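Participant: Have a look at this one before I ask anything.
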Amino acid sequence: MRWRARAAPSRAKERANISFFIFIMFFAVFGVIVLTELLLLERPTPGSTRSRYNEDLQGWEGRTETGGEGAEPPPPAHAPLDAVWQPVAGTRFRFYVYSAYVERRTVAAVRVIAATKTRGADAVMCRLWLSDNRTVTLKARVKPIRENWNLRYSATYVLCLLRDSGIKPQETVGASLSLVASTAPNRPPTNLLTVRDTEPKSGIEETLHVCVKPFHFSYSRDEWLVEWFELNRLLGVSHFYMYNESLSAQVACLLDHYRKKGLVTLLPWKLPIVSKVEIRTEGQFAAFNDCLYRSMSTAGWLLVIDVDEVILPRRERTLPALLTALRAAYNPPSKAPSAFLFRNAFFYLRWEDDAEAPAPLVTARKTRRWAAPHALKNRSKYALRPRDAVELGNHFVWELAPGASSVGVPTDRALLHHYRIACEYGGVQCLTVPSTVDRTAHRWSDELIQRVSSEKEQVAKTCPA
Ligand SMILES: *[C@@H]1O[C@H](CO)[C@@H](O)[C@H](O)[C@H]1NC(C)=O
Ligand SMILES: *[C@@H]1O[C@H](CO)[C@@H](O)[C@H](O)[C@H]1NC(C)=O
Ligand SMILES: *[C@@H]1O[C@H](CO)[C@@H](O)[C@H](O)[C@H]1NC(C)=O
């Protein structure tokens with residue numbers, strides 16, 4: 001009893017000592033951090049964080065002497081870039097920007113396509129250099145794009161708000177824009193974007209463009225890709241936006257062939273965030289939404305599909321004809337939907353060839369499909385008026401402009417043909433799912449085989465076998 005009574009106070013004292021020690025250490029460490037920050041910010045020396053930016057921004061050194069509190073932010077030190085992932089410096093979590101677009105519809109702003117932490121992203125500000133030499137700093141709203149699958153990182157919108165700035169959206173066209181961390185406002189910018197216009201040009205109502213998610217895993221189905229391109233061209237597509245994470249030499253050559261014809265825009269897509277682990281597949285939602293704004297001024301219609309999918313109308317020969325007909329059914333025309341969803345039907349490549357195939361084409365040979373197409377929003381894909389859309393998802397549109405609507409297309413008008421290599425559930429589905437033969441694709445087969453043969457001849461002259 002006695003020794004216990006004495007031991008207790010001595011243990012308590014020991015604990016108090018440890019607590020005091022931790023308390024002191026905490027402040028010591030805190031002090032060192034603050035001191036370091038101050039020294040680095042005020043007096044950049046070789047080897048400090050400042051010199052890292054000198055590498056990023058060639059030619060920056062010696063142009064300005066800044067760093068003090070309230071100093072004017074330095075001007076852009078390199079030409080603004082578009083469609084390249086660039087870092088935002090000074091943030092706690094990785095933060096990248098890709099492109100910037102004028103937003104006039106939902107709010108007066110510059111809309112930046114970015115990728116960063118899904119929740120608790122760093123606060124940022126936008127610095128805008130206008131063509132008349134005015135420089136302004138804008139408040140920014142960081143907004144994760146909804147389809148992020150709850151992963152740690154997400155495709156993100158940053159809205160640089162023009163409210164109270166005295167600047168109209170139109171004036172930002174062609175301006176340079178940089179995102180800076182709110183906690184480090186005087187750092188030289190590590191990113192610089194060109195603000196692109198989104199105003200629809202006149203006479204584009206019937207033009208149809210396609211968005212495709214980033215190519216990855218060294219995508220290499222060049223042979224099929226020719227058929228896919230040519231069928232889509234027959235269906236009325238006049239331009240394709242594509243993103244290159246990785247692709248084979250043959251596909252690269254093929255895309256270059258189509259690029260020279262003005263049909264393909266291939267954009268780099270090296271996002272330093274781990275796909276599928278940290279961010280949903282290659283940050284594809286940043287790509288879809290970049291494509292939406294990139295095409296807005298030139299595309300009357302936009303189709304978001306994958307390279308193993310085509311949307312085939314049952315009556316019309318082209319998709320613009322179908323979409324115009326679908327819209328014409330609404331009265332008054334202002335009630336017509338801006339987005340049309342197409343239901344998915346798998347055509348398994350492992351199913352037998354059609355004995356009546358009129359040409360040696362995948363779409364002519366593979367005519368067996370699921371008897372019952374998937375429900376809407378379950379693997380469906382869509383066509384829309386880009387000017388009426390704000391935020392795109394994979395299988396439907398997340399947000400339309402005020403007043404716009406979206407509707408499903410009946411299967412007797414069109415279907416999404418999904419040419420799939422693998423069957424679901426380890427192949428079982430190929431054997432058990434009820435199927436039917438659907439020869440809609442044969443309507444294009446004769447014309448398609450001629451086009452495919454002619455393109456392949458041209459491609460063979462320049463591309464390695
Ligand atoms: C902007 O600055 C440049 C270089 O200083 C000058 O040549 C140009 O005239 C200025 N433009 C306007 C609109 O003030
Ligand atoms: C595609 O991207 C890879 C890696 O980012 C690059 O090495 C390659 O040159 C690019 N190909 C084309 C055709 O742009
Ligand atoms: C999507 O459709 C498939 C096939 O009809 C079905 O098995 C699956 O449960 C559906 N998924 C959802 C999320 O509804």
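In the structure tokens, the first chain shown is A, the next is B, and so on; residue numbers restart at 1 for each chain, and ligands run from 1 in the order shown.
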Neighbours of ligand 3 within 9 Å, counting only C-alpha atoms and all ligand atoms, as a list in words?
Facilitator: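 Listing the residues within 9 Å of ligand 3 gives Ala372, Pro373, His374, Ala375, Leu376, Lys377, Asn378 and Arg379 of chain A.
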Participant: Residues within 9 Å of ligand 1, counting only C-alpha atoms and all ligand atoms: report them as a list in words.
Facilitator: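 These are the residues that qualify: Ser131, Asp132, Asn133 and Arg134 of chain A.
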Participant: Produce a file of the selected residues containing N, CA, C and O atoms, as a short mmCIF file (atom, residue, chain, number, x, y, z; two decimals), in the first residue's frame.
Facilitator:
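Output saved as again10.cif:
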```cif
data_model
loop_
_atom_site.label_atom_id
_atom_site.label_comp_id
_atom_site.auth_asym_id
_atom_site.auth_seq_id
_atom_site.Cartn_x
_atom_site.Cartn_y
_atom_site.Cartn_z
N SER A 131 -5.42 41.34 -73.07
CA SER A 131 -4.63 41.79 -74.23
C SER A 131 -4.37 43.30 -74.20
O SER A 131 -3.45 43.78 -74.84
N ASP A 132 -5.18 44.06 -73.41
CA ASP A 132 -4.91 45.50 -73.31
C ASP A 132 -3.98 45.82 -72.14
O ASP A 132 -3.92 46.94 -71.67
N ASN A 133 -3.26 44.80 -71.67
CA ASN A 133 -2.21 44.93 -70.64
C ASN A 133 -2.75 45.09 -69.21
O ASN A 133 -1.96 45.27 -68.30
N ARG A 134 -4.06 45.02 -69.04
CA ARG A 134 -4.59 45.05 -67.67
C ARG A 134 -4.29 43.70 -67.00
O ARG A 134 -4.38 42.66 -67.65
#
```
Participant: How many Å separate CA of Leu130 (chain A) from CA of Gln170 (chain A)?
Facilitator: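 Computing the Euclidean distance for CA of Leu130 (chain A) and CA of Gln170 (chain A) yields 11.0 Å.
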Participant: Pick the closest to Tyr157 (chain A) from A:Glu205, A:Glu356, A:Glu391, A:Glu447: which is it, counting only C-alpha atoms?
Facilitator: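 Distance minimum relative to Tyr157 (chain A) lands on A:Glu391.
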Participant: Could you list, as a CSV table (one decimal) with all heavy atoms, in the first residue's frame, all residues that come within 12 Å of ligand 2? Count only C-alpha atoms and all ligand atoms.
Facilitator:
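As written to disk, part_15.csv reads:
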```
chain,number,residue,atom,x,y,z
A,84,VAL,N,-2.0,21.1,-72.2
A,84,VAL,CA,-0.9,20.5,-71.6
A,84,VAL,C,-1.1,20.6,-70.1
A,84,VAL,O,-1.5,21.6,-69.6
A,84,VAL,CB,0.5,21.3,-71.9
A,84,VAL,CG1,1.6,20.6,-71.2
A,84,VAL,CG2,0.7,21.3,-73.4
A,85,TRP,N,-0.9,19.4,-69.4
A,85,TRP,CA,-1.1,19.5,-67.9
A,85,TRP,C,0.0,20.3,-67.3
A,85,TRP,O,1.2,19.9,-67.4
A,85,TRP,CB,-1.2,18.1,-67.3
A,85,TRP,CG,-2.5,17.4,-67.6
A,85,TRP,CD1,-2.7,16.4,-68.5
A,85,TRP,CD2,-3.8,17.7,-67.0
A,85,TRP,NE1,-4.1,16.0,-68.5
A,85,TRP,CE2,-4.7,16.8,-67.6
A,85,TRP,CE3,-4.2,18.6,-66.0
A,85,TRP,CZ2,-6.1,16.8,-67.2
A,85,TRP,CZ3,-5.5,18.6,-65.7
A,85,TRP,CH2,-6.5,17.7,-66.2
A,214,PRO,N,-9.2,9.3,-73.4
A,214,PRO,CA,-7.8,9.1,-73.7
A,214,PRO,C,-7.4,7.7,-74.1
A,214,PRO,O,-7.9,6.8,-73.5
A,214,PRO,CB,-7.1,9.5,-72.4
A,214,PRO,CG,-8.1,10.4,-71.7
A,214,PRO,CD,-9.4,9.9,-72.0
A,215,PHE,N,-6.6,7.6,-75.1
A,215,PHE,CA,-6.1,6.3,-75.5
A,215,PHE,C,-5.1,5.9,-74.5
A,215,PHE,O,-4.2,6.8,-74.0
A,215,PHE,CB,-5.3,6.4,-76.9
A,215,PHE,CG,-6.2,6.5,-78.1
A,215,PHE,CD1,-6.3,7.7,-78.8
A,215,PHE,CD2,-7.0,5.4,-78.5
A,215,PHE,CE1,-7.1,7.8,-79.9
A,215,PHE,CE2,-7.8,5.5,-79.6
A,215,PHE,CZ,-7.9,6.7,-80.3
A,216,HIS,N,-5.1,4.7,-74.0
A,216,HIS,CA,-4.1,4.2,-73.0
A,216,HIS,C,-3.7,2.8,-73.3
A,216,HIS,O,-4.2,2.2,-74.3
A,216,HIS,CB,-4.7,4.4,-71.6
A,216,HIS,CG,-6.0,3.6,-71.4
A,216,HIS,ND1,-7.2,4.1,-71.9
A,216,HIS,CD2,-6.2,2.5,-70.8
A,216,HIS,CE1,-8.1,3.2,-71.6
A,216,HIS,NE2,-7.6,2.3,-70.9
A,217,PHE,N,-2.9,2.2,-72.5
A,217,PHE,CA,-2.3,0.9,-72.6
A,217,PHE,C,-1.8,0.7,-74.1
A,217,PHE,O,-2.1,-0.4,-74.7
A,217,PHE,CB,-3.4,-0.2,-72.4
A,217,PHE,CG,-3.9,-0.2,-70.9
A,217,PHE,CD1,-5.2,-0.5,-70.7
A,217,PHE,CD2,-3.1,0.2,-69.9
A,217,PHE,CE1,-5.7,-0.5,-69.4
A,217,PHE,CE2,-3.6,0.2,-68.6
A,217,PHE,CZ,-4.9,-0.2,-68.3
A,218,SER,N,-1.2,1.7,-74.6
A,218,SER,CA,-0.6,1.6,-76.0
A,218,SER,C,-1.7,1.1,-77.0
A,218,SER,O,-1.5,0.1,-77.7
A,218,SER,CB,0.6,0.7,-76.0
A,218,SER,OG,1.6,1.2,-75.2
A,219,TYR,N,-2.8,1.8,-77.0
A,219,TYR,CA,-3.9,1.3,-77.9
A,219,TYR,C,-3.4,1.0,-79.3
A,219,TYR,O,-2.7,1.8,-79.9
A,219,TYR,CB,-5.0,2.4,-77.9
A,219,TYR,CG,-6.2,2.0,-78.7
A,219,TYR,CD1,-7.2,1.3,-78.1
A,219,TYR,CD2,-6.3,2.3,-80.1
A,219,TYR,CE1,-8.3,0.8,-78.9
A,219,TYR,CE2,-7.4,1.9,-80.8
A,219,TYR,CZ,-8.4,1.1,-80.2
A,219,TYR,OH,-9.4,0.7,-80.9
A,242,MET,N,-9.3,13.6,-79.8
A,242,MET,CA,-8.7,12.5,-79.1
A,242,MET,C,-7.6,12.9,-78.2
A,242,MET,O,-7.0,13.9,-78.4
A,242,MET,CB,-8.3,11.5,-80.2
A,242,MET,CG,-9.4,11.1,-81.1
A,242,MET,SD,-8.9,10.0,-82.4
A,242,MET,CE,-10.3,8.9,-82.5
A,243,TYR,N,-7.3,12.1,-77.2
A,243,TYR,CA,-6.3,12.4,-76.2
A,243,TYR,C,-5.4,11.2,-76.1
A,243,TYR,O,-5.8,10.1,-76.1
A,243,TYR,CB,-7.0,12.6,-74.9
A,243,TYR,CG,-8.0,13.8,-74.9
A,243,TYR,CD1,-9.3,13.7,-75.4
A,243,TYR,CD2,-7.6,15.1,-74.6
A,243,TYR,CE1,-10.1,14.7,-75.5
A,243,TYR,CE2,-8.4,16.2,-74.7
A,243,TYR,CZ,-9.7,16.0,-75.1
A,243,TYR,OH,-10.6,17.1,-75.2
A,244,ASN,N,-4.1,11.6,-76.1
A,244,ASN,CA,-3.0,10.5,-76.2
A,244,ASN,C,-2.3,10.3,-74.8
A,244,ASN,O,-1.5,11.1,-74.5
A,244,ASN,CB,-2.0,10.9,-77.3
A,244,ASN,CG,-0.7,10.2,-77.1
A,244,ASN,OD1,-0.7,9.1,-76.6
A,244,ASN,ND2,0.4,10.8,-77.6
A,245,GLU,N,-2.7,9.3,-74.1
A,245,GLU,CA,-1.9,8.9,-73.0
A,245,GLU,C,-0.8,8.0,-73.5
A,245,GLU,O,0.3,8.1,-73.1
A,245,GLU,CB,-2.8,8.2,-71.9
A,245,GLU,CG,-2.4,8.4,-70.5
A,245,GLU,CD,-1.7,7.2,-70.0
A,245,GLU,OE1,-2.0,6.1,-70.4
A,245,GLU,OE2,-0.7,7.3,-69.2
A,246,SER,N,-1.2,6.9,-74.2
A,246,SER,CA,-0.3,6.1,-74.9
A,246,SER,C,-1.0,5.4,-76.1
A,246,SER,O,-2.1,5.0,-76.0
A,246,SER,CB,0.4,5.1,-74.0
A,246,SER,OG,-0.6,4.1,-73.6
A,247,LEU,N,-0.3,5.3,-77.2
A,247,LEU,CA,-0.8,4.5,-78.3
A,247,LEU,C,0.3,3.9,-79.1
A,247,LEU,O,1.5,4.3,-79.0
A,247,LEU,CB,-1.7,5.4,-79.2
A,247,LEU,CG,-1.5,6.9,-79.3
A,247,LEU,CD1,-0.4,7.2,-80.3
A,247,LEU,CD2,-2.7,7.5,-79.8
A,248,SER,N,0.0,2.9,-79.9
A,248,SER,CA,1.0,2.2,-80.7
A,248,SER,C,1.5,3.1,-81.9
A,248,SER,O,0.8,4.0,-82.2
A,248,SER,CB,0.4,0.9,-81.3
A,248,SER,OG,-0.4,1.2,-82.3
A,249,ALA,N,2.7,2.7,-82.4
A,249,ALA,CA,3.2,3.5,-83.5
A,249,ALA,C,2.3,3.5,-84.7
A,249,ALA,O,2.1,4.5,-85.4
A,249,ALA,CB,4.6,2.9,-83.9
A,250,GLN,N,1.6,2.3,-85.0
A,250,GLN,CA,0.7,2.2,-86.1
A,250,GLN,C,-0.5,3.2,-85.9
A,250,GLN,O,-0.9,3.8,-86.8
A,250,GLN,CB,0.2,0.8,-86.3
A,250,GLN,CG,1.2,-0.2,-86.9
A,250,GLN,CD,2.1,-0.8,-85.8
A,250,GLN,OE1,2.1,-0.3,-84.6
A,250,GLN,NE2,2.9,-1.7,-86.2
A,251,VAL,N,-1.1,3.1,-84.7
A,251,VAL,CA,-2.2,4.0,-84.4
A,251,VAL,C,-1.8,5.5,-84.5
A,251,VAL,O,-2.5,6.3,-85.1
A,251,VAL,CB,-2.9,3.7,-83.1
A,251,VAL,CG1,-3.9,4.8,-82.7
A,251,VAL,CG2,-3.6,2.3,-83.1
A,252,ALA,N,-0.6,5.8,-84.0
A,252,ALA,CA,-0.1,7.2,-84.1
A,252,ALA,C,0.0,7.6,-85.5
A,252,ALA,O,-0.4,8.7,-85.9
A,252,ALA,CB,1.3,7.3,-83.4
A,253,CYS,N,0.5,6.7,-86.4
A,253,CYS,CA,0.6,7.0,-87.8
A,253,CYS,C,-0.8,7.2,-88.5
A,253,CYS,O,-1.0,8.1,-89.3
A,253,CYS,CB,1.4,5.9,-88.5
A,253,CYS,SG,1.9,6.4,-90.2
A,254,LEU,N,-1.7,6.3,-88.1
A,254,LEU,CA,-3.1,6.4,-88.7
A,254,LEU,C,-3.7,7.8,-88.2
A,254,LEU,O,-4.3,8.4,-89.1
A,254,LEU,CB,-3.9,5.2,-88.2
A,254,LEU,CG,-5.4,5.3,-88.6
A,254,LEU,CD1,-5.5,5.1,-90.1
A,254,LEU,CD2,-6.1,4.2,-87.9
A,255,LEU,N,-3.6,8.1,-87.0
A,255,LEU,CA,-4.2,9.4,-86.5
A,255,LEU,C,-3.5,10.6,-87.2
A,255,LEU,O,-4.2,11.5,-87.5
A,255,LEU,CB,-4.0,9.5,-85.0
A,255,LEU,CG,-4.7,8.4,-84.1
A,255,LEU,CD1,-4.6,8.7,-82.7
A,255,LEU,CD2,-6.2,8.3,-84.5
A,256,ASP,N,-2.3,10.4,-87.5
A,256,ASP,CA,-1.6,11.5,-88.2
A,256,ASP,C,-2.1,11.7,-89.6
A,256,ASP,O,-2.3,12.8,-90.1
A,256,ASP,CB,-0.1,11.3,-88.2
A,256,ASP,CG,0.7,12.6,-88.5
A,256,ASP,OD1,0.4,13.6,-87.8
A,256,ASP,OD2,1.5,12.6,-89.4
A,257,HIS,N,-2.4,10.6,-90.2
A,257,HIS,CA,-3.1,10.5,-91.5
A,257,HIS,C,-4.4,11.3,-91.5
A,257,HIS,O,-4.6,12.2,-92.3
A,257,HIS,CB,-3.3,9.1,-92.0
A,257,HIS,CG,-4.2,8.9,-93.1
A,257,HIS,ND1,-3.8,9.1,-94.4
A,257,HIS,CD2,-5.5,8.5,-93.1
A,257,HIS,CE1,-4.9,8.8,-95.2
A,257,HIS,NE2,-5.9,8.5,-94.4
A,258,TYR,N,-5.2,11.0,-90.5
A,258,TYR,CA,-6.5,11.7,-90.4
A,258,TYR,C,-6.3,13.2,-89.9
A,258,TYR,O,-7.1,14.0,-90.3
A,258,TYR,CB,-7.4,10.9,-89.5
A,258,TYR,CG,-8.1,9.7,-90.1
A,258,TYR,CD1,-7.8,8.4,-89.7
A,258,TYR,CD2,-8.9,9.9,-91.2
A,258,TYR,CE1,-8.4,7.3,-90.3
A,258,TYR,CE2,-9.5,8.8,-91.8
A,258,TYR,CZ,-9.3,7.5,-91.4
A,258,TYR,OH,-9.8,6.4,-92.0
A,259,ARG,N,-5.3,13.4,-89.1
A,259,ARG,CA,-5.0,14.8,-88.7
A,259,ARG,C,-4.7,15.7,-89.9
A,259,ARG,O,-5.2,16.8,-90.0
A,259,ARG,CB,-3.9,14.8,-87.7
A,259,ARG,CG,-3.6,16.2,-87.1
A,259,ARG,CD,-2.3,16.2,-86.3
A,259,ARG,NE,-1.1,15.9,-87.1
A,259,ARG,CZ,-0.5,16.7,-88.0
A,259,ARG,NH1,-1.0,17.9,-88.1
A,259,ARG,NH2,0.5,16.3,-88.7
A,264,VAL,N,-8.8,15.0,-87.4
A,264,VAL,CA,-8.5,14.6,-86.0
A,264,VAL,C,-7.7,15.7,-85.3
A,264,VAL,O,-6.8,16.3,-85.9
A,264,VAL,CB,-7.7,13.3,-86.0
A,264,VAL,CG1,-7.0,13.1,-84.6
A,264,VAL,CG2,-8.5,12.1,-86.3
A,265,THR,N,-8.1,16.0,-84.0
A,265,THR,CA,-7.3,16.8,-83.1
A,265,THR,C,-6.8,15.8,-82.1
A,265,THR,O,-7.6,15.2,-81.3
A,265,THR,CB,-8.1,17.9,-82.5
A,265,THR,OG1,-8.6,18.8,-83.5
A,265,THR,CG2,-7.3,18.7,-81.5
A,266,LEU,N,-5.5,15.6,-82.0
A,266,LEU,CA,-4.9,14.6,-81.0
A,266,LEU,C,-4.2,15.5,-80.0
A,266,LEU,O,-3.2,16.2,-80.3
A,266,LEU,CB,-4.0,13.6,-81.7
A,266,LEU,CG,-3.3,12.6,-80.7
A,266,LEU,CD1,-4.4,11.7,-80.1
A,266,LEU,CD2,-2.3,11.8,-81.4
A,267,LEU,N,-4.6,15.4,-78.8
A,267,LEU,CA,-4.0,16.2,-77.7
A,267,LEU,C,-3.2,15.4,-76.7
A,267,LEU,O,-3.6,14.3,-76.4
A,267,LEU,CB,-5.1,17.0,-77.0
A,267,LEU,CG,-6.0,17.9,-77.9
A,267,LEU,CD1,-7.3,18.3,-77.2
A,267,LEU,CD2,-5.2,19.1,-78.3
A,268,PRO,N,-2.1,15.9,-76.2
A,268,PRO,CA,-1.3,15.1,-75.2
A,268,PRO,C,-2.1,15.0,-73.9
A,268,PRO,O,-2.9,15.8,-73.6
A,268,PRO,CB,-0.1,16.0,-75.0
A,268,PRO,CG,-0.3,17.3,-75.6
A,268,PRO,CD,-1.5,17.2,-76.5
A,269,TRP,N,-1.9,13.9,-73.3
A,269,TRP,CA,-2.6,13.6,-72.0
A,269,TRP,C,-1.7,12.9,-71.0
A,269,TRP,O,-1.9,11.7,-70.8
A,269,TRP,CB,-3.9,12.7,-72.3
A,269,TRP,CG,-4.9,12.8,-71.2
A,269,TRP,CD1,-5.0,11.8,-70.3
A,269,TRP,CD2,-5.8,13.8,-70.9
A,269,TRP,NE1,-6.0,12.1,-69.4
A,269,TRP,CE2,-6.5,13.4,-69.8
A,269,TRP,CE3,-6.1,15.0,-71.5
A,269,TRP,CZ2,-7.5,14.1,-69.2
A,269,TRP,CZ3,-7.1,15.8,-70.9
A,269,TRP,CH2,-7.8,15.3,-69.8
A,270,LYS,N,-0.7,13.6,-70.5
A,270,LYS,CA,0.1,13.0,-69.5
A,270,LYS,C,-0.2,13.6,-68.1
A,270,LYS,O,0.4,14.7,-67.8
A,270,LYS,CB,1.6,13.3,-69.8
A,270,LYS,CG,2.3,12.2,-70.6
A,270,LYS,CD,2.5,11.0,-69.8
A,270,LYS,CE,3.0,9.8,-70.6
A,270,LYS,NZ,2.4,8.5,-70.3
A,271,LEU,N,-1.1,13.0,-67.4
A,271,LEU,CA,-1.6,13.5,-66.1
A,271,LEU,C,-0.8,12.8,-65.0
A,271,LEU,O,-1.0,11.6,-64.9
A,271,LEU,CB,-3.1,13.4,-66.0
A,271,LEU,CG,-3.8,13.7,-64.7
A,271,LEU,CD1,-3.5,15.2,-64.4
A,271,LEU,CD2,-5.2,13.4,-64.7
A,272,PRO,N,0.0,13.5,-64.2
A,272,PRO,CA,0.8,12.8,-63.2
A,272,PRO,C,0.0,12.4,-62.0
A,272,PRO,O,0.4,12.6,-60.9
A,272,PRO,CB,1.9,13.8,-62.9
A,272,PRO,CG,1.7,14.9,-63.8
A,272,PRO,CD,0.3,14.9,-64.3
```
Participant: If you take only C-alpha atoms and a cut-off of 9 Å, which residues of region 316-395 of chain A touch region 296-301 of chain A, and what are their nearest atom pairs and distances in Å to one decimal, in chain and number order, as a tab-separated table?
Facilitator:
```
residue	atom	partner	partner_atom	distance
A:Pro320	CA	A:Trp301	CA	7.7
A:Leu323	CA	A:Trp301	CA	8.8
A:Ala383	CA	A:Trp301	CA	6.5
A:Leu384	CA	A:Trp301	CA	5.5
A:Arg385	CA	A:Trp301	CA	4.9
A:Pro386	CA	A:Met296	CA	5.3
A:Arg387	CA	A:Met296	CA	5.8
```
Participant: Which polymer residues have any atom within 10 Å of an atom of Val124 (chain A), counting only C-alpha atoms, with same-chain residues fewer than 6 positions away left out, as a ChimeraX atom specification?
Facilitator: /A:88,90-91,95,138-142,158,160,179-185
Participant: Which is closer to Thr172 (chain A) than all the others in A:Ala441, A:Ala355, A:Ala100, A:Val210, using only C-alpha atoms?
Facilitator: A:Ala100
Participant: Hey, what does DSSP flag as helix (DSSP H, G or I) within region 202-450 of chain A? Can you give it to me as number ranges by chain?
Facilitator: A: 222-234, 249-260, 281-295, 319-328, 333-335, 362-365, 386-388, 425-432, 442-450
